[in-house]
Structures are given as C-alpha cells and as structure tokens.
>>> print(open('protein.cif').read())   # mmCIF, C-alpha atoms
data_data
loop_
_atom_site.group_PDB
_atom_site.id
_atom_site.type_symbol
_atom_site.label_atom_id
_atom_site.label_comp_id
_atom_site.auth_asym_id
_atom_site.auth_seq_id
_atom_site.Cartn_x
_atom_site.Cartn_y
_atom_site.Cartn_z
ATOM 1 C CA MET A 1 88.558 101.987 108.429
ATOM 2 C CA GLY A 2 90.289 98.622 108.879
ATOM 3 C CA ARG A 3 93.009 99.547 106.409
ATOM 4 C CA GLN A 4 94.324 102.438 108.512
ATOM 5 C CA GLU A 5 94.670 100.176 111.534
ATOM 6 C CA ASP A 6 96.595 97.700 109.382
ATOM 7 C CA LEU A 7 98.910 100.463 108.196
ATOM 8 C CA ASP A 8 99.842 101.459 111.748
ATOM 9 C CA GLU A 9 102.029 98.356 111.894
ATOM 10 C CA GLU A 10 104.821 99.246 109.522
ATOM 11 C CA MET A 11 104.153 97.507 106.256
ATOM 12 C CA THR A 12 106.663 97.305 103.452
ATOM 13 C CA VAL A 13 106.416 96.413 99.775
ATOM 14 C CA GLU A 14 109.093 95.613 97.238
ATOM 15 C CA MET A 15 109.006 97.699 94.070
ATOM 16 C CA THR A 16 110.867 96.608 90.949
ATOM 17 C CA LEU A 17 112.057 99.652 89.009
ATOM 18 C CA GLU A 18 112.312 99.846 85.217
ATOM 19 C CA ASP A 19 116.032 99.004 85.372
ATOM 20 C CA GLY A 20 115.324 95.857 87.402
ATOM 21 C CA THR A 21 116.472 97.322 90.725
ATOM 22 C CA VAL A 22 114.333 96.158 93.657
ATOM 23 C CA VAL A 23 113.612 98.823 96.278
ATOM 24 C CA ASN A 24 112.023 98.073 99.653
ATOM 25 C CA CYS A 25 109.461 100.757 100.524
ATOM 26 C CA ALA A 26 107.562 101.528 103.711
ATOM 27 C CA VAL A 27 103.837 102.033 103.170
ATOM 28 C CA ILE A 28 102.954 105.420 104.658
ATOM 29 C CA THR A 29 99.247 105.525 103.903
ATOM 30 C CA ILE A 30 96.521 104.952 101.354
ATOM 31 C CA LEU A 31 94.646 108.083 100.301
ATOM 32 C CA SER A 32 91.321 108.396 98.485
ATOM 33 C CA VAL A 33 91.115 111.246 96.009
ATOM 34 C CA GLU A 34 88.008 111.635 93.832
ATOM 35 C CA ASP A 35 86.985 107.951 94.142
ATOM 36 C CA GLN A 36 90.481 106.680 93.325
ATOM 37 C CA ASP A 37 92.830 105.188 95.927
ATOM 38 C CA TYR A 38 96.511 106.065 95.966
ATOM 39 C CA ILE A 39 99.330 104.518 97.962
ATOM 40 C CA VAL A 40 102.161 106.614 99.403
ATOM 41 C CA LEU A 41 105.505 104.817 99.634
ATOM 42 C CA LEU A 42 108.756 105.805 101.319
ATOM 43 C CA PRO A 43 111.734 104.217 99.515
ATOM 44 C CA LEU A 44 114.252 102.710 101.958
ATOM 45 C CA ASP A 45 117.970 102.028 101.573
ATOM 46 C CA GLU A 46 119.742 98.806 102.584
ATOM 47 C CA ASP A 47 119.657 99.936 106.243
ATOM 48 C CA GLY A 48 115.883 100.501 106.189
ATOM 49 C CA GLU A 49 116.356 104.280 106.245
ATOM 50 C CA ASN A 50 115.152 107.107 104.019
ATOM 51 C CA GLY A 51 117.689 109.907 104.052
ATOM 52 C CA ASN A 52 116.188 112.297 101.529
ATOM 53 C CA GLY A 53 112.482 112.392 102.436
ATOM 54 C CA GLU A 54 111.474 111.346 98.930
ATOM 55 C CA THR A 55 108.018 109.771 98.655
ATOM 56 C CA TRP A 56 106.452 107.883 95.760
ATOM 57 C CA PHE A 57 102.765 108.022 94.789
ATOM 58 C CA TYR A 58 100.970 105.296 92.817
ATOM 59 C CA ARG A 59 97.364 104.557 91.922
ATOM 60 C CA TYR A 60 96.237 101.681 94.115
ATOM 61 C CA SER A 61 93.454 99.186 93.573
ATOM 62 C CA GLU A 62 92.344 95.987 95.237
ATOM 63 C CA ASN A 63 90.115 93.278 93.871
ATOM 64 C CA PRO A 64 86.950 93.568 96.014
ATOM 65 C CA ASP A 65 86.018 89.970 95.105
ATOM 66 C CA ASP A 66 89.340 88.496 96.294
ATOM 67 C CA PRO A 67 90.971 90.175 99.302
ATOM 68 C CA ASN A 68 93.955 87.798 99.037
ATOM 69 C CA GLU A 69 94.837 88.940 95.533
ATOM 70 C CA GLU A 70 97.862 91.250 95.303
ATOM 71 C CA PRO A 71 96.858 94.933 95.008
ATOM 72 C CA VAL A 72 97.624 96.623 91.702
ATOM 73 C CA LEU A 73 99.868 99.721 91.593
ATOM 74 C CA ASP A 74 99.801 101.975 88.520
ATOM 75 C CA PHE A 75 101.865 105.003 87.577
ATOM 76 C CA ILE A 76 100.250 108.436 87.794
ATOM 77 C CA ASP A 77 100.759 109.871 84.331
ATOM 78 C CA SER A 78 99.301 113.382 84.545
ATOM 79 C CA ASP A 79 100.692 116.367 86.426
ATOM 80 C CA GLU A 80 97.162 117.403 87.406
ATOM 81 C CA GLU A 81 96.446 114.031 89.016
ATOM 82 C CA TRP A 82 99.884 114.029 90.740
ATOM 83 C CA GLU A 83 99.215 117.490 92.222
ATOM 84 C CA LYS A 84 95.841 116.361 93.628
ATOM 85 C CA VAL A 85 97.487 113.388 95.342
ATOM 86 C CA GLU A 86 100.340 115.551 96.617
ATOM 87 C CA GLU A 87 97.826 118.021 98.094
ATOM 88 C CA ALA A 88 95.888 115.183 99.785
ATOM 89 C CA PHE A 89 99.160 113.830 101.208
ATOM 90 C CA ASP A 90 100.079 117.289 102.568
ATOM 91 C CA GLU A 91 96.685 117.377 104.326
ATOM 92 C CA TYR A 92 97.337 113.879 105.701
ATOM 93 C CA LEU A 93 100.709 115.021 107.081
ATOM 94 C CA ASP A 94 99.134 118.135 108.624
ATOM 95 C CA ASN A 95 96.539 115.923 110.340
ATOM 96 C CA CYS A 96 99.260 113.568 111.618
ATOM 97 C CA GLU A 97 101.215 116.465 113.107
ATOM 98 C CA TYR A 98 98.036 117.837 114.676
ATOM 99 C CA ASP A 99 97.217 114.427 116.181
ATOM 100 C CA GLU A 100 100.748 114.177 117.608
ATOM 101 C CA LEU A 101 100.366 117.606 119.222
ATOM 102 C CA LEU A 102 97.104 116.518 120.848
ATOM 103 C CA GLU A 103 98.722 113.331 122.180
ATOM 104 C CA GLU A 104 101.537 115.348 123.790
ATOM 105 C CA GLU A 105 99.149 117.548 125.789
#
>>> encode(input="protein.cif", output="structure tokens")
Amino acid sequence: MGRQEDLDEEMTVEMTLEDGTVVNCAVITILSVEDQDYIVLLPLDEDGENGNGETWFYRYSENPDDPNEEPVLDFIDSDEEWEKVEEAFDEYLDNCEYDELLEEE
C-alpha cells in the first residue's frame, strides 16, 4: 500500500507525444485490473490546470528488481482493455467521493 501514500503528494510526469510535444501530467492513481497495473494521468496546461477533465490511461509496469529504474508506460491498444480500466477508474472515483463524504461528517 506504500504506492497510494506516495500518490497523495501530487506527483507529475512528463509525457512526450507522437508529435514531440511534451505534456506535464498529474498522476491521479495506479489501478490494478486483472493482474496488470495501469496509471491514470491528468494532462495539465502551462498553468498546471486541466480545463476539460480529460484523463489518459496507460499500462504501467515497474522493474521489481530495481525500484530506481523508470517505470514503463505502454499504450492500451484494445477497446475491451480500455473499457475495463475505465470501469475500474469510475469505481475509484466513486470510492474517493464516498471517502470525502465520510470525512465531512
């Protein structure tokens, strides 16, 4: 569970798009779906804002033998896999909202 604690401090990663554009992204969470990890990123503009609510999903893997090695992000290439990750992310968001409600009481 150490990763979730790490993610509570806002982490960002730089993604280089196919056209060479570099986009700074906030790391929202890492989800596990059917023994595969996925990272959820929120692309940010120059002001560190996300105006459209768009999120990006990528397969995520770390080298268990070298924790200092950069994690690997891979594209999700099937609609079926994308939908599973999207569903897991919706559940994550529902749980976050529920937790916030409990904290307010």
>>> closest_residue(input="protein.cif", among="A:Asn52, A:Glu103, A:Glu91, A:Pro67", to="Val33 in chain A", atoms="only C-alpha atoms")
A:Glu91
>>> closest_residue(input="protein.cif", among="A:Ile76, A:Leu41, A:Ile28, A:Val85", to="Met15 in chain A", atoms="all atoms listed in the file")
A:Leu41
>>> resolve_selection(input="protein.cif", expression="the PyMOL selection byres ((chain A and resi 61) around 12)", output="short mmCIF file (atom, residue, chain, number, x, y, z; two decimals) with C-alpha atoms, in the coordinates of the input")
data_model
loop_
_atom_site.label_atom_id
_atom_site.label_comp_id
_atom_site.auth_asym_id
_atom_site.auth_seq_id
_atom_site.Cartn_x
_atom_site.Cartn_y
_atom_site.Cartn_z
CA ILE A 30 96.52 104.95 101.35
CA LEU A 31 94.65 108.08 100.30
CA SER A 32 91.32 108.40 98.48
CA ASP A 35 86.98 107.95 94.14
CA GLN A 36 90.48 106.68 93.32
CA ASP A 37 92.83 105.19 95.93
CA TYR A 38 96.51 106.06 95.97
CA ILE A 39 99.33 104.52 97.96
CA TYR A 58 100.97 105.30 92.82
CA ARG A 59 97.36 104.56 91.92
CA TYR A 60 96.24 101.68 94.12
CA GLU A 62 92.34 95.99 95.24
CA ASN A 63 90.12 93.28 93.87
CA PRO A 64 86.95 93.57 96.01
CA ASP A 65 86.02 89.97 95.10
CA ASP A 66 89.34 88.50 96.29
CA PRO A 67 90.97 90.18 99.30
CA GLU A 69 94.84 88.94 95.53
CA GLU A 70 97.86 91.25 95.30
CA PRO A 71 96.86 94.93 95.01
CA VAL A 72 97.62 96.62 91.70
CA LEU A 73 99.87 99.72 91.59
CA ASP A 74 99.80 101.98 88.52
CA PHE A 75 101.86 105.00 87.58
#
>>> atom_distance(input="protein.cif", atom1="CA of Cys25 in chain A", atom2="CA of Thr12 in chain A")
5.3 Å
>>> closest_residue(input="protein.cif", among="A:Glu46, A:Phe57, A:Thr21, A:Glu14", to="Glu83 in chain A", atoms="all atoms listed in the file")
A:Phe57
>>> residues_around(input="protein.cif", residues="Leu44 in chain A", least_positions_apart="4", cutoff="6 Å", atoms="only C-alpha atoms", output="PyMOL selection string")
chain A and resi 24-25+48-50
>>> atom_distance(input="protein.cif", atom1="CA of Val40 in chain A", atom2="CA of Glu10 in chain A")
12.8 Å
>>> closest_residue(input="protein.cif", among="A:Ser78, A:Glu54, A:Ala26, A:Glu97", to="Met11 in chain A", atoms="all atoms listed in the file")
A:Ala26
>>> closest_residue(input="protein.cif", among="A:Asp47, A:Asn68, A:Glu18, A:Thr29", to="Leu93 in chain A", atoms="only C-alpha atoms")
A:Thr29
>>> atom_distance(input="protein.cif", atom1="CA of Tyr98 in chain A", atom2="CA of Lys84 in chain A")
21.2 Å
>>> axis_aligned_box(input="protein.cif", around="range 77-96 of chain A", padding_each_side="3 Å", output="JSON")
{"center_x": 98.3, "center_y": 114.0, "center_z": 98.0, "size_x": 10.9, "size_y": 14.3, "size_z": 33.3}
